Structures are given as structure tokens and as C-alpha cells.
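Next comes upload_23.pdb, a file with PDB, C-alpha atoms, pLDDT in the B column.
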ATOM      1  CA  MET A   1       0.000   0.000   0.000  1.00 39.00           C
ATOM      2  CA  THR A   2       1.503   3.306  -1.057  1.00 38.00           C
ATOM      3  CA  ASN A   3       0.557   6.507   0.703  1.00 36.00           C
ATOM      4  CA  GLN A   4       0.717   9.617  -1.382  1.00 36.00           C
ATOM      5  CA  ILE A   5       1.193  12.663   0.739  1.00 34.00           C
ATOM      6  CA  SER A   6       0.822  16.116  -0.695  1.00 35.00           C
ATOM      7  CA  SER A   7       3.532  18.423   0.529  1.00 35.00           C
ATOM      8  CA  LYS A   8       3.659  22.171   0.592  1.00 35.00           C
ATOM      9  CA  PHE A   9       6.961  21.732  -1.228  1.00 35.00           C
ATOM     10  CA  ASP A  10       5.207  20.382  -4.308  1.00 40.00           C
ATOM     11  CA  ASP A  11       5.156  23.168  -6.848  1.00 46.00           C
ATOM     12  CA  ASP A  12       3.378  21.504  -9.734  1.00 49.00           C
ATOM     13  CA  ASP A  13       0.680  24.177  -9.652  1.00 53.00           C
ATOM     14  CA  ILE A  14       3.128  27.102  -9.646  1.00 51.00           C
ATOM     15  CA  ASN A  15       4.413  28.431 -12.936  1.00 54.00           C
ATOM     16  CA  ASP A  16       7.785  30.074 -12.271  1.00 52.00           C
ATOM     17  CA  ASP A  17       7.670  32.012 -15.528  1.00 54.00           C
ATOM     18  CA  GLU A  18       4.357  33.658 -14.635  1.00 54.00           C
ATOM     19  CA  LEU A  19       5.554  34.418 -11.118  1.00 50.00           C
ATOM     20  CA  LEU A  20       8.788  36.001 -12.262  1.00 50.00           C
ATOM     21  CA  ALA A  21       7.251  37.831 -15.195  1.00 49.00           C
ATOM     22  CA  ALA A  22       5.372  39.983 -12.703  1.00 51.00           C
ATOM     23  CA  PHE A  23       8.598  41.606 -11.571  1.00 52.00           C
ATOM     24  CA  GLU A  24      10.334  44.479 -13.204  1.00 53.00           C
ATOM     25  CA  ILE A  25      13.968  45.095 -12.415  1.00 47.00           C
ATOM     26  CA  SER A  26      13.126  48.192 -10.375  1.00 53.00           C
ATOM     27  CA  SER A  27      10.643  46.340  -8.166  1.00 78.00           C
ATOM     28  CA  PHE A  28      13.435  44.880  -6.016  1.00 81.00           C
ATOM     29  CA  GLY A  29      14.550  48.300  -4.767  1.00 81.00           C
ATOM     30  CA  PHE A  30      18.141  47.799  -5.859  1.00 84.00           C
ATOM     31  CA  PRO A  31      19.998  51.078  -5.164  1.00 83.00           C
ATOM     32  CA  PHE A  32      21.416  51.235  -8.693  1.00 85.00           C
ATOM     33  CA  GLU A  33      20.974  49.522 -12.058  1.00 89.00           C
ATOM     34  CA  PRO A  34      21.632  45.831 -11.298  1.00 89.00           C
ATOM     35  CA  TYR A  35      23.520  43.499 -13.575  1.00 88.00           C
ATOM     36  CA  GLN A  36      21.552  40.666 -15.161  1.00 90.00           C
ATOM     37  CA  ILE A  37      23.212  38.127 -12.847  1.00 91.00           C
ATOM     38  CA  GLN A  38      21.902  40.112  -9.845  1.00 91.00           C
ATOM     39  CA  VAL A  39      18.409  40.303 -11.306  1.00 91.00           C
ATOM     40  CA  ASP A  40      18.401  36.553 -11.944  1.00 92.00           C
ATOM     41  CA  PHE A  41      19.686  35.936  -8.409  1.00 93.00           C
ATOM     42  CA  MET A  42      16.947  38.096  -6.829  1.00 93.00           C
ATOM     43  CA  ARG A  43      14.231  36.488  -8.950  1.00 92.00           C
ATOM     44  CA  SER A  44      15.397  33.000  -8.008  1.00 93.00           C
ATOM     45  CA  LEU A  45      15.552  33.962  -4.337  1.00 94.00           C
ATOM     46  CA  TYR A  46      12.068  35.500  -4.452  1.00 94.00           C
ATOM     47  CA  SER A  47      10.649  32.436  -6.184  1.00 93.00           C
ATOM     48  CA  THR A  48      12.252  30.129  -3.621  1.00 95.00           C
ATOM     49  CA  LEU A  49      10.863  32.139  -0.704  1.00 95.00           C
ATOM     50  CA  GLN A  50       7.428  32.409  -2.303  1.00 93.00           C
ATOM     51  CA  GLN A  51       7.241  28.641  -2.688  1.00 94.00           C
ATOM     52  CA  SER A  52       8.473  28.022   0.906  1.00 92.00           C
ATOM     53  CA  LYS A  53      11.429  26.027  -0.323  1.00 94.00           C
ATOM     54  CA  HIS A  54      15.052  25.833   0.682  1.00 94.00           C
ATOM     55  CA  GLY A  55      17.587  27.279  -1.701  1.00 93.00           C
ATOM     56  CA  ILE A  56      21.306  27.061  -2.218  1.00 93.00           C
ATOM     57  CA  PHE A  57      22.569  29.997  -4.220  1.00 91.00           C
ATOM     58  CA  GLU A  58      25.989  30.610  -5.613  1.00 89.00           C
ATOM     59  CA  SER A  59      27.502  33.382  -7.617  1.00 88.00           C
ATOM     60  CA  PRO A  60      31.080  34.388  -8.443  1.00 89.00           C
ATOM     61  CA  THR A  61      32.993  36.653  -6.079  1.00 91.00           C
ATOM     62  CA  GLY A  62      32.189  40.328  -6.513  1.00 90.00           C
ATOM     63  CA  THR A  63      28.773  39.916  -8.107  1.00 89.00           C
ATOM     64  CA  GLY A  64      26.802  41.573  -5.309  1.00 90.00           C
ATOM     65  CA  LYS A  65      25.356  38.524  -3.575  1.00 92.00           C
ATOM     66  CA  SER A  66      24.851  40.266  -0.228  1.00 93.00           C
ATOM     67  CA  LEU A  67      22.963  43.191  -1.723  1.00 93.00           C
ATOM     68  CA  SER A  68      20.961  40.848  -3.950  1.00 93.00           C
ATOM     69  CA  ILE A  69      19.961  38.729  -0.934  1.00 93.00           C
ATOM     70  CA  ILE A  70      18.941  41.813   1.050  1.00 94.00           C
ATOM     71  CA  CYS A  71      16.923  43.390  -1.771  1.00 93.00           C
ATOM     72  CA  GLY A  72      15.300  40.146  -2.910  1.00 93.00           C
ATOM     73  CA  SER A  73      14.323  38.963   0.559  1.00 93.00           C
ATOM     74  CA  LEU A  74      13.043  42.373   1.671  1.00 92.00           C
ATOM     75  CA  ARG A  75      10.913  42.610  -1.482  1.00 93.00           C
ATOM     76  CA  TRP A  76       9.432  39.211  -0.672  1.00 93.00           C
ATOM     77  CA  LEU A  77       8.826  40.221   2.954  1.00 92.00           C
ATOM     78  CA  PHE A  78       7.065  43.460   1.981  1.00 91.00           C
ATOM     79  CA  ASP A  79       4.941  41.600  -0.583  1.00 92.00           C
ATOM     80  CA  GLU A  80       4.090  38.897   1.977  1.00 92.00           C
ATOM     81  CA  ILE A  81       2.960  41.460   4.549  1.00 91.00           C
ATOM     82  CA  GLN A  82       0.881  43.239   1.908  1.00 92.00           C
ATOM     83  CA  SER A  83      -0.746  39.936   0.931  1.00 92.00           C
ATOM     84  CA  TRP A  84      -1.697  39.400   4.616  1.00 91.00           C
ATOM     85  CA  LYS A  85      -3.320  42.830   4.678  1.00 92.00           C
ATOM     86  CA  ASP A  86      -5.142  42.242   1.392  1.00 92.00           C
ATOM     87  CA  GLU A  87      -6.418  38.853   2.535  1.00 92.00           C
ATOM     88  CA  TYR A  88      -7.498  40.320   5.882  1.00 91.00           C
ATOM     89  CA  GLU A  89      -9.503  43.032   4.102  1.00 91.00           C
ATOM     90  CA  GLU A  90     -11.093  40.439   1.830  1.00 90.00           C
ATOM     91  CA  LEU A  91     -12.052  38.246   4.791  1.00 88.00           C
ATOM     92  CA  SER A  92     -13.489  41.258   6.612  1.00 87.00           C
ATOM     93  CA  LYS A  93     -16.074  41.725   3.892  1.00 85.00           C
ATOM     94  CA  PRO A  94     -19.399  40.004   4.535  1.00 82.00           C
ATOM     95  CA  ILE A  95     -20.071  36.722   2.781  1.00 77.00           C
ATOM     96  CA  GLU A  96     -22.379  37.156  -0.161  1.00 74.00           C
ATOM     97  CA  SER A  97     -25.513  35.147   0.337  1.00 67.00           C
ATOM     98  CA  LYS A  98     -26.203  32.635  -2.373  1.00 65.00           C
ATOM     99  CA  ASN A  99     -29.803  31.990  -3.237  1.00 62.00           C
ATOM    100  CA  ASP A 100     -29.617  28.248  -3.602  1.00 57.00           C
ATOM    101  CA  SER A 101     -33.268  27.437  -4.017  1.00 58.00           C
ATOM    102  CA  SER A 102     -32.477  24.065  -5.600  1.00 57.00           C
ATOM    103  CA  SER A 103     -31.713  22.531  -2.237  1.00 58.00           C
ATOM    104  CA  ASP A 104     -34.671  21.891   0.004  1.00 67.00           C
ATOM    105  CA  ASP A 105     -32.519  21.241   3.041  1.00 82.00           C
ATOM    106  CA  TRP A 106     -32.282  24.737   4.495  1.00 82.00           C
ATOM    107  CA  LEU A 107     -30.685  23.429   7.695  1.00 84.00           C
ATOM    108  CA  LYS A 108     -27.695  22.025   5.765  1.00 86.00           C
ATOM    109  CA  ARG A 109     -27.275  25.354   3.958  1.00 84.00           C
ATOM    110  CA  ILE A 110     -27.289  27.252   7.249  1.00 86.00           C
ATOM    111  CA  MET A 111     -24.821  24.844   8.853  1.00 89.00           C
ATOM    112  CA  LYS A 112     -22.493  25.052   5.852  1.00 88.00           C
ATOM    113  CA  ARG A 113     -22.607  28.856   5.911  1.00 87.00           C
ATOM    114  CA  LYS A 114     -21.853  28.837   9.649  1.00 90.00           C
ATOM    115  CA  GLU A 115     -18.853  26.532   9.094  1.00 92.00           C
ATOM    116  CA  GLU A 116     -17.548  28.873   6.395  1.00 90.00           C
ATOM    117  CA  GLU A 117     -17.930  31.855   8.710  1.00 90.00           C
ATOM    118  CA  VAL A 118     -16.021  30.077  11.490  1.00 92.00           C
ATOM    119  CA  ILE A 119     -13.168  29.219   9.102  1.00 92.00           C
ATOM    120  CA  ARG A 120     -13.045  32.801   7.803  1.00 92.00           C
ATOM    121  CA  GLU A 121     -13.069  34.188  11.343  1.00 92.00           C
ATOM    122  CA  LYS A 122     -10.213  31.907  12.399  1.00 94.00           C
ATOM    123  CA  ARG A 123      -8.091  32.882   9.391  1.00 92.00           C
ATOM    124  CA  ARG A 124      -8.906  36.558   9.911  1.00 92.00           C
ATOM    125  CA  ASP A 125      -7.762  36.290  13.552  1.00 93.00           C
ATOM    126  CA  GLU A 126      -4.510  34.614  12.475  1.00 93.00           C
ATOM    127  CA  LEU A 127      -3.838  37.377   9.966  1.00 92.00           C
ATOM    128  CA  LYS A 128      -4.674  40.072  12.500  1.00 92.00           C
ATOM    129  CA  VAL A 129      -2.056  38.685  14.897  1.00 93.00           C
ATOM    130  CA  LYS A 130       0.572  38.679  12.127  1.00 91.00           C
ATOM    131  CA  ILE A 131      -0.304  42.208  11.011  1.00 91.00           C
ATOM    132  CA  ASP A 132      -0.302  43.553  14.578  1.00 91.00           C
ATOM    133  CA  LEU A 133       3.046  41.917  15.289  1.00 90.00           C
ATOM    134  CA  GLU A 134       4.545  43.398  12.136  1.00 89.00           C
ATOM    135  CA  ASP A 135       3.211  46.838  13.116  1.00 88.00           C
ATOM    136  CA  GLN A 136       4.792  46.479  16.568  1.00 89.00           C
ATOM    137  CA  TYR A 137       8.151  45.602  14.979  1.00 85.00           C
ATOM    138  CA  ALA A 138       7.900  48.556  12.618  1.00 84.00           C
ATOM    139  CA  ASN A 139       7.062  50.962  15.445  1.00 85.00           C
ATOM    140  CA  ALA A 140       9.844  49.580  17.648  1.00 85.00           C
ATOM    141  CA  SER A 141      12.402  50.042  14.881  1.00 82.00           C
ATOM    142  CA  LYS A 142      11.203  53.613  14.264  1.00 82.00           C
ATOM    143  CA  ASN A 143      11.505  54.393  17.976  1.00 82.00           C
ATOM    144  CA  THR A 144      14.976  52.836  18.128  1.00 85.00           C
ATOM    145  CA  LEU A 145      16.074  54.827  15.103  1.00 78.00           C
ATOM    146  CA  ALA A 146      14.658  58.059  16.539  1.00 80.00           C
ATOM    147  CA  ALA A 147      16.406  57.443  19.885  1.00 81.00           C
ATOM    148  CA  SER A 148      19.664  56.722  18.078  1.00 83.00           C
ATOM    149  CA  ILE A 149      19.399  59.939  16.090  1.00 85.00           C
ATOM    150  CA  LYS A 150      18.676  61.972  19.242  1.00 82.00           C
ATOM    151  CA  LYS A 151      21.640  60.374  20.975  1.00 82.00           C
ATOM    152  CA  THR A 152      24.022  61.344  18.202  1.00 80.00           C
TER     153      THR A 152
END
Please render this file's structure as C-alpha cells.
Amino acid sequence: MTNQISSKFDDDDINDDELLAAFEISSFGFPFEPYQIQVDFMRSLYSTLQQSKHGIFESPTGTGKSLSIICGSLRWLFDEIQSWKDEYEELSKPIESKNDSSSDDWLKRIMKRKEEEVIREKRRDELKVKIDLEDQYANASKNTLAASIKKT
């Protein structure tokens, strides 16, 4: 008997070309015009992070790996936080009621709707915790920076 387990590392449903085509060179926030090897590096890093995979990256000495890692990973982080906020807003909208008159079992419809609402509420709460935590980190870093500037 063979068990087939679906893993979050399976990327059969993700098209790398479509994912990477969404990015322009300037979207990574590189402080100057990057070389093609840096752009490719950042795109590969972003794709790896987006798919929750592990990556081993290599590039010749002097090709800007450190800056490429910083810019690529920060772009992913900012996009991830924005996706949390977008999903939270979407889940905060009321569920549109569907007039399913074909089913005579109104109790099943009500129970199904209630289950959907519970799932949405749970996910919304999870996202709210993440968003609040990110806001706390952002405020703490601003306060630390302001204190450092005052000190100097």
C-alpha cells in the first residue's frame, strides 16, 4: 500500500515564468541599475521564498550577492505582509448570500454557511495577529532609530 502525501513543497501548480514575469527590475529596490546576474539571483531567491522552499545559491565573487539577498528577501517580505493585509480586508467583507433554491434542506445550507464563517473568522484572527506583530516591529524600529538619532 503506497501513501501519497501532498507536501507544501510540491510546486506543480506554480508556474515560475508567470511568477517572475510579474517583476520588473526596479521592483526589487536595488539602489542602482543591477547586472543581469543580480536580477536573476533576486528572482530566483524571491521564487524560492514564495514557494516556501530551501535554496542554495551561488555566484562568483564580486557579483553583489549580499545586496541581492537583502533586496530580494526584503521585497518578498514586503509583498508577503501586503498579501496578509489584502487577505485580511477580503475576509473582513461580509459573505455574499447565495440563493440556492435548488436545495430543500435549508438546515444544511445554514450549517455550511456557519462553518464557512467560522473558518473565515479563524483565518482573519490569524492574519490580525501577524499584522499587529509586524506593526509592533515597525514601530519599535522607528523608535529605536529616533532614539539613536537623538543620541548622536
Handout entry: Shortest interatomic distance to Arg123 of chain A - which of A:Glu89, A:Arg109, A:Ala138, A:Ile149, counting only C-alpha atoms
Key =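 Of all the options, A:Glu89 lies closest to Arg123 of chain A.
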Which residue out of A:Glu117, A:Asp79, A:Asp86, A:Glu134 has the minimum interatomic distance to Ser27 of chain A when all atoms listed in the file are used?
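Nearest candidate to Ser27 of chain A out of A:Glu117, A:Asp79, A:Asp86, A:Glu134: A:Asp79.
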In Å and to one decimal, atom CA of Lys85 of chain A is distant from atom CA of Glu126 of chain A by 11.4 Å
Of A:Ile119, A:Ala140, A:Leu45, A:Leu91, the one nearest to Ser68 of chain A when counting only C-alpha atoms is A:Leu45
Judged by only C-alpha atoms, the minimum distance to Gln51 of chain A among A:Ile69, A:Asp135, A:Glu80, A:Lys93 is found for A:Glu80
Requested in this report: Figure out the distance between atom CA of Phe41 of chain A and atom CA of Phe57 of chain A, please, to one decimal in Å.
Outcome: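 Atom-to-atom, atom CA of Phe57 of chain A to atom CA of Phe41 of chain A, that is 7.8 Å.
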note - atom CA of Pro34 of chain A and atom CA of Gly64 of chain A are separated by 9.0 Å
_Running the PyMOL selection byres ((chain A and resi 44) around 12) on this model by hand, what would come out? Give it as a ChimeraX atom specification._
/A:16-17,19-21,23,37-43,45-51,53-58,68-69,72-73,76
Min atom-atom distance to Glu96 of chain A from the set A:Lys142, A:Lys128, A:Arg113, A:Lys108, counting all atoms listed in the file, belongs to A:Arg113
Which residue of A:Phe78, A:Ser52, A:Pro60, A:Ile95 approaches Glu116 of chain A most closely, using only C-alpha atoms: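 Looking only at the distances to Glu116 of chain A, the closest residue turns out to be A:Ile95.
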- [ ] Please write as a VMD selection string the list of polymer residues whose atoms come within 10 Å of (16.8, 50.3, -4.4), counting only C-alpha atoms and keeping to the coordinates of the file.
- [x] chain A and resid 25 to 34 67 71
